[in-house]
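See structure below.
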Amino acid sequence: MSREAFEGNSSTLGKLGSLFSNLQKLQRGRTEKTPALPPSSSLASAGPRSHDPGHLSGQFFFEYLVVVGLKRKAEAGSYEPQITYQFPKRDSLAKFQKEEEEKSLKAIALFCFPEGVNWAPLTEYPSETFSFVLTEVDGSRRNGYCRRLLPSGRGARPPEAYCIISRLACFGLFSKIFDEVEKRRQKSMAMIYPFMQSLREAPVPAPGNTVKITSFIPESGTEIISLTRPVDSRLEHVDFRALFRCLGDEEVLEVFAATVLERRIIFIADELSTLSQVLHAVAALLYPFAWQHTFISIVPTVLIDVVMAPTPYLLGITSRMRDSITDTSDLLIVDLSDGAKERLIKTTEDEDTIIPPKLQEELLQALGSRKKNSTEEELNKVVSEAFLSFFVKTVGHFTGHVRRRGGSQTAIFHKEKFCKAAEPKANRPFVTLFSKTQMFDIFIQHVERNPHQEGFFHKKIAAYQKAEKTKGGWARGRVV
């Protein structure tokens, strides 16, 4: 399928009504598009914190827990993912609701085994945990957390997957929940229910807080399981360790440069966990801006035609699907697989010149300050502050180019003056290019609608401008 043919079949990337509809439309040559979310200084790049159920009382930890097995088909070596366990069961749904639920569950099963139908029974299989994102028609997002492992038993057998669907974006928290589910599954499937019921009834803790779950296990007695959310809710779904384990600092900057200008980028890896962790980490580098285009951290085999889309995307594919990439024009391929001879396969060849030289040096210096054996929290802090500082220095002066309309609660942004005012002058080419991106446009639209709203990004800008003014450097005005 050529890129031109793909483009002819999909003139626009519409928002899709449900994940199952996404799958059907993608197979007809269309793509899933992440919605134009309204980012602000209080939002993380992966989604709207204002809609984060973790901040709301009375919200469930999760919507579903399903166990997905591989059912042998008539063809030799061919398997089909099938849900073998679901909690909770929703028997009281209306007919149309039940039909929609069944479609969603089938799609979820597909994302638990994205590699396709060809499997062989195994005697050894290292467990792995990964995640994916489901985008609803109203722009809201649900997170799928998946752990695959070899079920207990004797002889060769296919792996199975546990999948939790939740509105809460917190990878580390659900990894710990999977540990508890896996421990109970080894004893009996029946042991999962009381634990998940207790979890479902527990309140979702605010960032930095802990909730304790009481659970009974035969032979072990009553256990108290503590689940704590990170203090910084912007990064609770992010772990930068995989990104910096796979790529050098200079390579990370080139990937960031291509991402910030909204280009087509494909990530290739042997392990699903590497793909999901790296893609979410790259998206997090954009804070306080948000990726507004196609984002599929793990592309199932049946949806591989999405790589031919002519519009910006961040896609993750497994190494066995590498040969599916036939058109590499205007494309950056990031090879994370073991033994890759070349990590970055470029076609535009300008990724190392997009970021102004002085800021490149500052970013590399900041990243180089991290400890060799940094903890997840330490690394997240160093990396997030380095890239946030980059945006403060390049586009933080936007506050001086937002003017409130007379007698109105809204404002207007003067883009041309903003681009010309970038200092030093060496930053202006980047600022001009970045101002044309959808992520910047959506950010500014939110600022224009909410000129009084100031959050973390605004505070960082104010602190930087105050320090520059003290040193006698340039200073920008606030919203007037």
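Letters for chains follow the order of the structure tokens (A, B, ...), residue numbers begin at 1 for each chain, and ligand numbers begin at 1 in the order shown.
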
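For range 279-326 of chain A, the set of residues given strand (DSSP E) by DSSP on the backbone reads Thr294, Phe295, Ile296, Tyr313, Leu314, Leu315, Gly316, Ile317 and Thr318 of chain A.
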
Selection file, N, CA and C atoms, as an mmCIF file, in the first residue's frame:
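That gives us out-v9.cif:
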data_model
loop_
_atom_site.group_PDB
_atom_site.id
_atom_site.type_symbol
_atom_site.label_atom_id
_atom_site.label_comp_id
_atom_site.auth_asym_id
_atom_site.auth_seq_id
_atom_site.Cartn_x
_atom_site.Cartn_y
_atom_site.Cartn_z
ATOM 1 N N THR A 294 -1.550 11.416 16.052
ATOM 2 C CA THR A 294 -1.657 9.980 16.264
ATOM 3 C C THR A 294 -0.589 9.493 17.231
ATOM 4 N N PHE A 295 -1.021 8.767 18.255
ATOM 5 C CA PHE A 295 -0.106 8.215 19.255
ATOM 6 C C PHE A 295 -0.549 6.784 19.560
ATOM 7 N N ILE A 296 0.229 5.803 19.098
ATOM 8 C CA ILE A 296 -0.055 4.394 19.401
ATOM 9 C C ILE A 296 1.254 3.780 19.874
ATOM 10 N N TYR A 313 2.928 11.437 13.590
ATOM 11 C CA TYR A 313 2.563 10.366 14.513
ATOM 12 C C TYR A 313 3.760 9.949 15.350
ATOM 13 N N LEU A 314 3.458 9.325 16.482
ATOM 14 C CA LEU A 314 4.428 8.600 17.298
ATOM 15 C C LEU A 314 3.911 7.176 17.379
ATOM 16 N N LEU A 315 4.646 6.242 16.792
ATOM 17 C CA LEU A 315 4.205 4.852 16.729
ATOM 18 C C LEU A 315 5.275 3.924 17.277
ATOM 19 N N GLY A 316 4.845 2.852 17.927
ATOM 20 C CA GLY A 316 5.767 1.822 18.391
ATOM 21 C C GLY A 316 5.437 0.498 17.737
ATOM 22 N N ILE A 317 6.423 -0.146 17.125
ATOM 23 C CA ILE A 317 6.209 -1.459 16.512
ATOM 24 C C ILE A 317 7.284 -2.424 16.982
ATOM 25 N N THR A 318 6.956 -3.704 16.984
ATOM 26 C CA THR A 318 7.929 -4.714 17.387
ATOM 27 C C THR A 318 8.903 -4.990 16.251
#

Counting only C-alpha atoms, which residues of range 239-277 of chain A sit at most 8 Å from some atom of range 355-379 of chain A, and what is each one's closest atom pair with its distance in Å to one decimal, listed by chain and rising residue number, as a tab-separated table?
residue	atom	partner	partner_atom	distance
A:Asp239	CA	A:Glu376	CA	6.4
A:Phe240	CA	A:Leu379	CA	6.8
A:Arg241	CA	A:Glu376	CA	6.8
A:Asp249	CA	A:Leu364	CA	6.6
A:Glu250	CA	A:Leu364	CA	7.3
A:Leu253	CA	A:Gln360	CA	7.8
A:Ala257	CA	A:Ile355	CA	6.5

Selected residues written out with N, CA, C and O atoms, as a PDB file, in the first residue's frame:
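Here's the written file again30.pdb:
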ATOM      1  N   ASP A 239       8.529   6.859  33.193  1.00  0.00           N
ATOM      2  CA  ASP A 239       9.793   6.347  33.707  1.00  0.00           C
ATOM      3  C   ASP A 239      10.826   6.562  32.605  1.00  0.00           C
ATOM      4  O   ASP A 239      10.788   5.902  31.569  1.00  0.00           O
ATOM      5  N   PHE A 240      11.734   7.526  32.825  1.00  0.00           N
ATOM      6  CA  PHE A 240      12.711   7.882  31.788  1.00  0.00           C
ATOM      7  C   PHE A 240      13.865   6.889  31.677  1.00  0.00           C
ATOM      8  O   PHE A 240      14.709   7.018  30.786  1.00  0.00           O
ATOM      9  N   ARG A 241      13.936   5.908  32.559  1.00  0.00           N
ATOM     10  CA  ARG A 241      15.099   5.017  32.566  1.00  0.00           C
ATOM     11  C   ARG A 241      15.243   4.240  31.262  1.00  0.00           C
ATOM     12  O   ARG A 241      16.360   4.079  30.742  1.00  0.00           O
ATOM     13  N   ASP A 249      22.483  10.691  25.251  1.00  0.00           N
ATOM     14  CA  ASP A 249      21.892  12.013  25.472  1.00  0.00           C
ATOM     15  C   ASP A 249      21.705  12.775  24.160  1.00  0.00           C
ATOM     16  O   ASP A 249      20.663  13.412  23.935  1.00  0.00           O
ATOM     17  N   GLU A 250      22.708  12.741  23.276  1.00  0.00           N
ATOM     18  CA  GLU A 250      22.602  13.453  21.998  1.00  0.00           C
ATOM     19  C   GLU A 250      21.480  12.875  21.151  1.00  0.00           C
ATOM     20  O   GLU A 250      20.747  13.620  20.470  1.00  0.00           O
ATOM     21  N   LEU A 253      18.149  14.125  22.354  1.00  0.00           N
ATOM     22  CA  LEU A 253      17.885  15.488  21.899  1.00  0.00           C
ATOM     23  C   LEU A 253      17.385  15.505  20.453  1.00  0.00           C
ATOM     24  O   LEU A 253      16.513  16.301  20.102  1.00  0.00           O
ATOM     25  N   ALA A 257      13.839  16.866  19.232  1.00  0.00           N
ATOM     26  CA  ALA A 257      13.732  17.906  18.209  1.00  0.00           C
ATOM     27  C   ALA A 257      12.714  17.520  17.140  1.00  0.00           C
ATOM     28  O   ALA A 257      11.899  18.353  16.712  1.00  0.00           O
TER      29      ALA A 257
END

Distance query Arg403 in chain A at most 9 Å, only C-alpha atoms, self and fewer than 3 positions along chain excluded, as a VMD selection string: chain A and resid 399 to 400 410 to 414 448 451 479 to 480

Deliver the residues from the most recent selection as a file, using N, CA and C atoms, as a compact mmCIF listing (two decimals), in the first residue's frame.
# COMPACT_ATOMS: atom_id res chain seq x y z
N THR A 399 4.09 35.27 27.60
CA THR A 399 3.25 35.98 28.56
C THR A 399 3.20 37.48 28.27
N GLY A 400 4.24 38.01 27.64
CA GLY A 400 4.28 39.43 27.33
C GLY A 400 3.58 39.78 26.04
N THR A 410 -11.53 36.96 28.03
CA THR A 410 -10.60 36.28 27.12
C THR A 410 -9.49 37.23 26.69
N ALA A 411 -8.52 36.72 25.95
CA ALA A 411 -7.38 37.52 25.52
C ALA A 411 -7.01 37.16 24.10
N ILE A 412 -6.07 37.89 23.53
CA ILE A 412 -5.59 37.61 22.19
C ILE A 412 -4.06 37.56 22.21
N PHE A 413 -3.51 36.62 21.45
CA PHE A 413 -2.06 36.41 21.40
C PHE A 413 -1.52 37.00 20.10
N HIS A 414 -0.44 37.78 20.20
CA HIS A 414 0.19 38.39 19.03
C HIS A 414 1.41 37.55 18.63
N GLU A 448 -5.57 31.98 25.73
CA GLU A 448 -6.48 33.05 25.32
C GLU A 448 -7.84 32.92 25.99
N PRO A 451 -6.99 33.61 30.45
CA PRO A 451 -5.81 34.45 30.71
C PRO A 451 -5.48 34.60 32.19
N VAL A 479 0.80 38.83 31.69
CA VAL A 479 -0.44 39.10 30.97
C VAL A 479 -1.03 40.40 31.48
N VAL A 480 -1.42 41.27 30.59
CA VAL A 480 -1.95 42.58 31.01
C VAL A 480 -3.38 42.72 30.51

Long-range neighbours of Gly172 in chain A as number ranges by chain, 12 Å cut-off, only C-alpha atoms, 3 positions minimum in chain: A: 129-131, 145, 168-169, 175-179, 227-230, 233, 235-239, 277, 376-377

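Among A:Phe391, A:Asp335, A:Thr135, A:Glu128, the residue with the shortest atom-to-atom distance to Ser273 in chain A, counting only C-alpha atoms, is A:Glu128.
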
Residue contacts of Asp338 in chain A (10 Å, only C-alpha atoms) excluding same-chain residues fewer than 3 positions away, as a list in words: Cys246, Ala269, Asp270, Glu271, Ser319, Asp335 and Lys341 of chain A

Writer output for current selection, all heavy atoms, as a PDB file, in the first residue's frame:
ATOM      1  N   CYS A 246      18.359   3.090  26.361  1.00  0.00           N
ATOM      2  CA  CYS A 246      18.412   2.732  24.940  1.00  0.00           C
ATOM      3  C   CYS A 246      19.148   3.763  24.084  1.00  0.00           C
ATOM      4  O   CYS A 246      19.745   3.411  23.061  1.00  0.00           O
ATOM      5  CB  CYS A 246      16.994   2.558  24.391  1.00  0.00           C
ATOM      6  SG  CYS A 246      16.051   1.199  25.115  1.00  0.00           S
ATOM      7  N   ALA A 269      11.308  -1.906  18.774  1.00  0.00           N
ATOM      8  CA  ALA A 269      11.939  -2.565  19.920  1.00  0.00           C
ATOM      9  C   ALA A 269      11.564  -4.034  19.942  1.00  0.00           C
ATOM     10  O   ALA A 269      10.574  -4.463  19.333  1.00  0.00           O
ATOM     11  CB  ALA A 269      11.520  -1.897  21.228  1.00  0.00           C
ATOM     12  N   ASP A 270      12.372  -4.815  20.651  1.00  0.00           N
ATOM     13  CA  ASP A 270      12.093  -6.245  20.805  1.00  0.00           C
ATOM     14  C   ASP A 270      10.990  -6.483  21.831  1.00  0.00           C
ATOM     15  O   ASP A 270      10.187  -7.403  21.689  1.00  0.00           O
ATOM     16  CB  ASP A 270      13.359  -6.994  21.242  1.00  0.00           C
ATOM     17  CG  ASP A 270      14.496  -6.859  20.243  1.00  0.00           C
ATOM     18  OD1 ASP A 270      14.211  -6.898  19.024  1.00  0.00           O
ATOM     19  OD2 ASP A 270      15.657  -6.705  20.663  1.00  0.00           O
ATOM     20  N   GLU A 271      10.950  -5.648  22.866  1.00  0.00           N
ATOM     21  CA  GLU A 271      10.024  -5.856  23.975  1.00  0.00           C
ATOM     22  C   GLU A 271       8.932  -4.788  23.999  1.00  0.00           C
ATOM     23  O   GLU A 271       9.193  -3.611  23.768  1.00  0.00           O
ATOM     24  CB  GLU A 271      10.785  -5.836  25.303  1.00  0.00           C
ATOM     25  CG  GLU A 271      11.833  -6.937  25.421  1.00  0.00           C
ATOM     26  CD  GLU A 271      12.583  -6.875  26.741  1.00  0.00           C
ATOM     27  OE1 GLU A 271      12.354  -5.905  27.501  1.00  0.00           O
ATOM     28  OE2 GLU A 271      13.371  -7.782  27.016  1.00  0.00           O
ATOM     29  N   SER A 319      10.033  -5.552  16.593  1.00  0.00           N
ATOM     30  CA  SER A 319      11.098  -5.787  15.609  1.00  0.00           C
ATOM     31  C   SER A 319      10.643  -6.678  14.464  1.00  0.00           C
ATOM     32  O   SER A 319      11.088  -6.507  13.325  1.00  0.00           O
ATOM     33  CB  SER A 319      12.311  -6.411  16.308  1.00  0.00           C
ATOM     34  OG  SER A 319      12.805  -5.561  17.313  1.00  0.00           O
ATOM     35  N   ASP A 335      15.546   2.956  16.386  1.00  0.00           N
ATOM     36  CA  ASP A 335      15.702   1.516  16.592  1.00  0.00           C
ATOM     37  C   ASP A 335      16.210   1.246  18.003  1.00  0.00           C
ATOM     38  O   ASP A 335      17.372   1.504  18.330  1.00  0.00           O
ATOM     39  CB  ASP A 335      16.675   0.942  15.558  1.00  0.00           C
ATOM     40  CG  ASP A 335      16.616  -0.577  15.486  1.00  0.00           C
ATOM     41  OD1 ASP A 335      16.065  -1.196  16.422  1.00  0.00           O
ATOM     42  OD2 ASP A 335      17.121  -1.147  14.497  1.00  0.00           O
ATOM     43  N   LYS A 341      22.601  -1.620  14.807  1.00  0.00           N
ATOM     44  CA  LYS A 341      23.820  -0.995  14.307  1.00  0.00           C
ATOM     45  C   LYS A 341      23.693   0.524  14.276  1.00  0.00           C
ATOM     46  O   LYS A 341      24.671   1.249  14.442  1.00  0.00           O
ATOM     47  CB  LYS A 341      24.149  -1.525  12.904  1.00  0.00           C
ATOM     48  CG  LYS A 341      24.473  -3.020  12.869  1.00  0.00           C
ATOM     49  CD  LYS A 341      24.791  -3.474  11.459  1.00  0.00           C
ATOM     50  CE  LYS A 341      25.116  -4.963  11.420  1.00  0.00           C
ATOM     51  NZ  LYS A 341      25.402  -5.434  10.033  1.00  0.00           N
TER      52      LYS A 341
END

Those in range 395-459 of chain A with helix (DSSP H, G or I) from DSSP, as number ranges by chain: A: 395-401, 415-420, 425-434, 438-449, 456-459

For CA of His397 in chain A and CA of Glu351 in chain A, the interatomic separation in Å (one decimal): 24.5 Å

Surrounding residues of Glu80 in chain A excluding itself and chain neighbours under 5 positions, 7 Å, only C-alpha atoms, as a PyMOL selection string: chain A and resi 70-73+117

Phe62 in chain A: which residues within 7 Å, counting only C-alpha atoms, same-chain residues fewer than 3 positions away excluded, as a short mmCIF file (atom, residue, chain, number, x, y, z; two decimals) with all heavy atoms, in the first residue's frame?
data_model
loop_
_atom_site.label_atom_id
_atom_site.label_comp_id
_atom_site.auth_asym_id
_atom_site.auth_seq_id
_atom_site.Cartn_x
_atom_site.Cartn_y
_atom_site.Cartn_z
N ILE A 164 -5.64 -4.33 33.00
CA ILE A 164 -6.47 -3.44 33.82
C ILE A 164 -6.74 -2.17 33.02
O ILE A 164 -5.81 -1.56 32.49
CB ILE A 164 -5.78 -3.08 35.15
CG1 ILE A 164 -5.60 -4.34 36.02
CG2 ILE A 164 -6.59 -2.03 35.90
CD1 ILE A 164 -4.83 -4.09 37.30
N ILE A 165 -8.00 -1.79 32.91
CA ILE A 165 -8.39 -0.56 32.24
C ILE A 165 -8.77 0.46 33.31
O ILE A 165 -9.60 0.19 34.17
CB ILE A 165 -9.59 -0.79 31.29
CG1 ILE A 165 -9.24 -1.87 30.25
CG2 ILE A 165 -9.98 0.51 30.60
CD1 ILE A 165 -8.08 -1.54 29.35
N SER A 166 -8.15 1.64 33.25
CA SER A 166 -8.36 2.65 34.28
C SER A 166 -8.27 4.05 33.70
O SER A 166 -7.56 4.28 32.72
CB SER A 166 -7.32 2.49 35.40
OG SER A 166 -7.43 3.52 36.35
N ARG A 167 -8.98 4.98 34.32
CA ARG A 167 -8.85 6.40 33.96
C ARG A 167 -7.58 7.00 34.57
O ARG A 167 -7.15 8.07 34.16
CB ARG A 167 -10.06 7.18 34.47
CG ARG A 167 -11.40 6.70 33.89
CD ARG A 167 -11.63 7.22 32.51
NE ARG A 167 -12.89 6.71 31.96
CZ ARG A 167 -13.33 7.00 30.74
NH1 ARG A 167 -12.63 7.78 29.95
NH2 ARG A 167 -14.47 6.50 30.30
N ARG A 200 -11.29 -1.99 44.31
CA ARG A 200 -12.34 -1.22 43.64
C ARG A 200 -13.11 -0.33 44.62
O ARG A 200 -13.59 0.74 44.27
CB ARG A 200 -13.27 -2.16 42.90
CG ARG A 200 -14.26 -1.48 41.96
CD ARG A 200 -14.96 -2.50 41.09
NE ARG A 200 -16.06 -1.91 40.36
CZ ARG A 200 -15.94 -1.20 39.24
NH1 ARG A 200 -14.75 -0.99 38.73
NH2 ARG A 200 -17.00 -0.70 38.63
#

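You can rank A:Val211, A:Ala386, A:Leu272, A:Ala242 by their closest distance to Ser198 in chain A using only C-alpha atoms, and at the top of that list sits A:Val211.
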
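The space separating CA of Ala258 in chain A from CA of Val306 in chain A comes to 18.9 Å.
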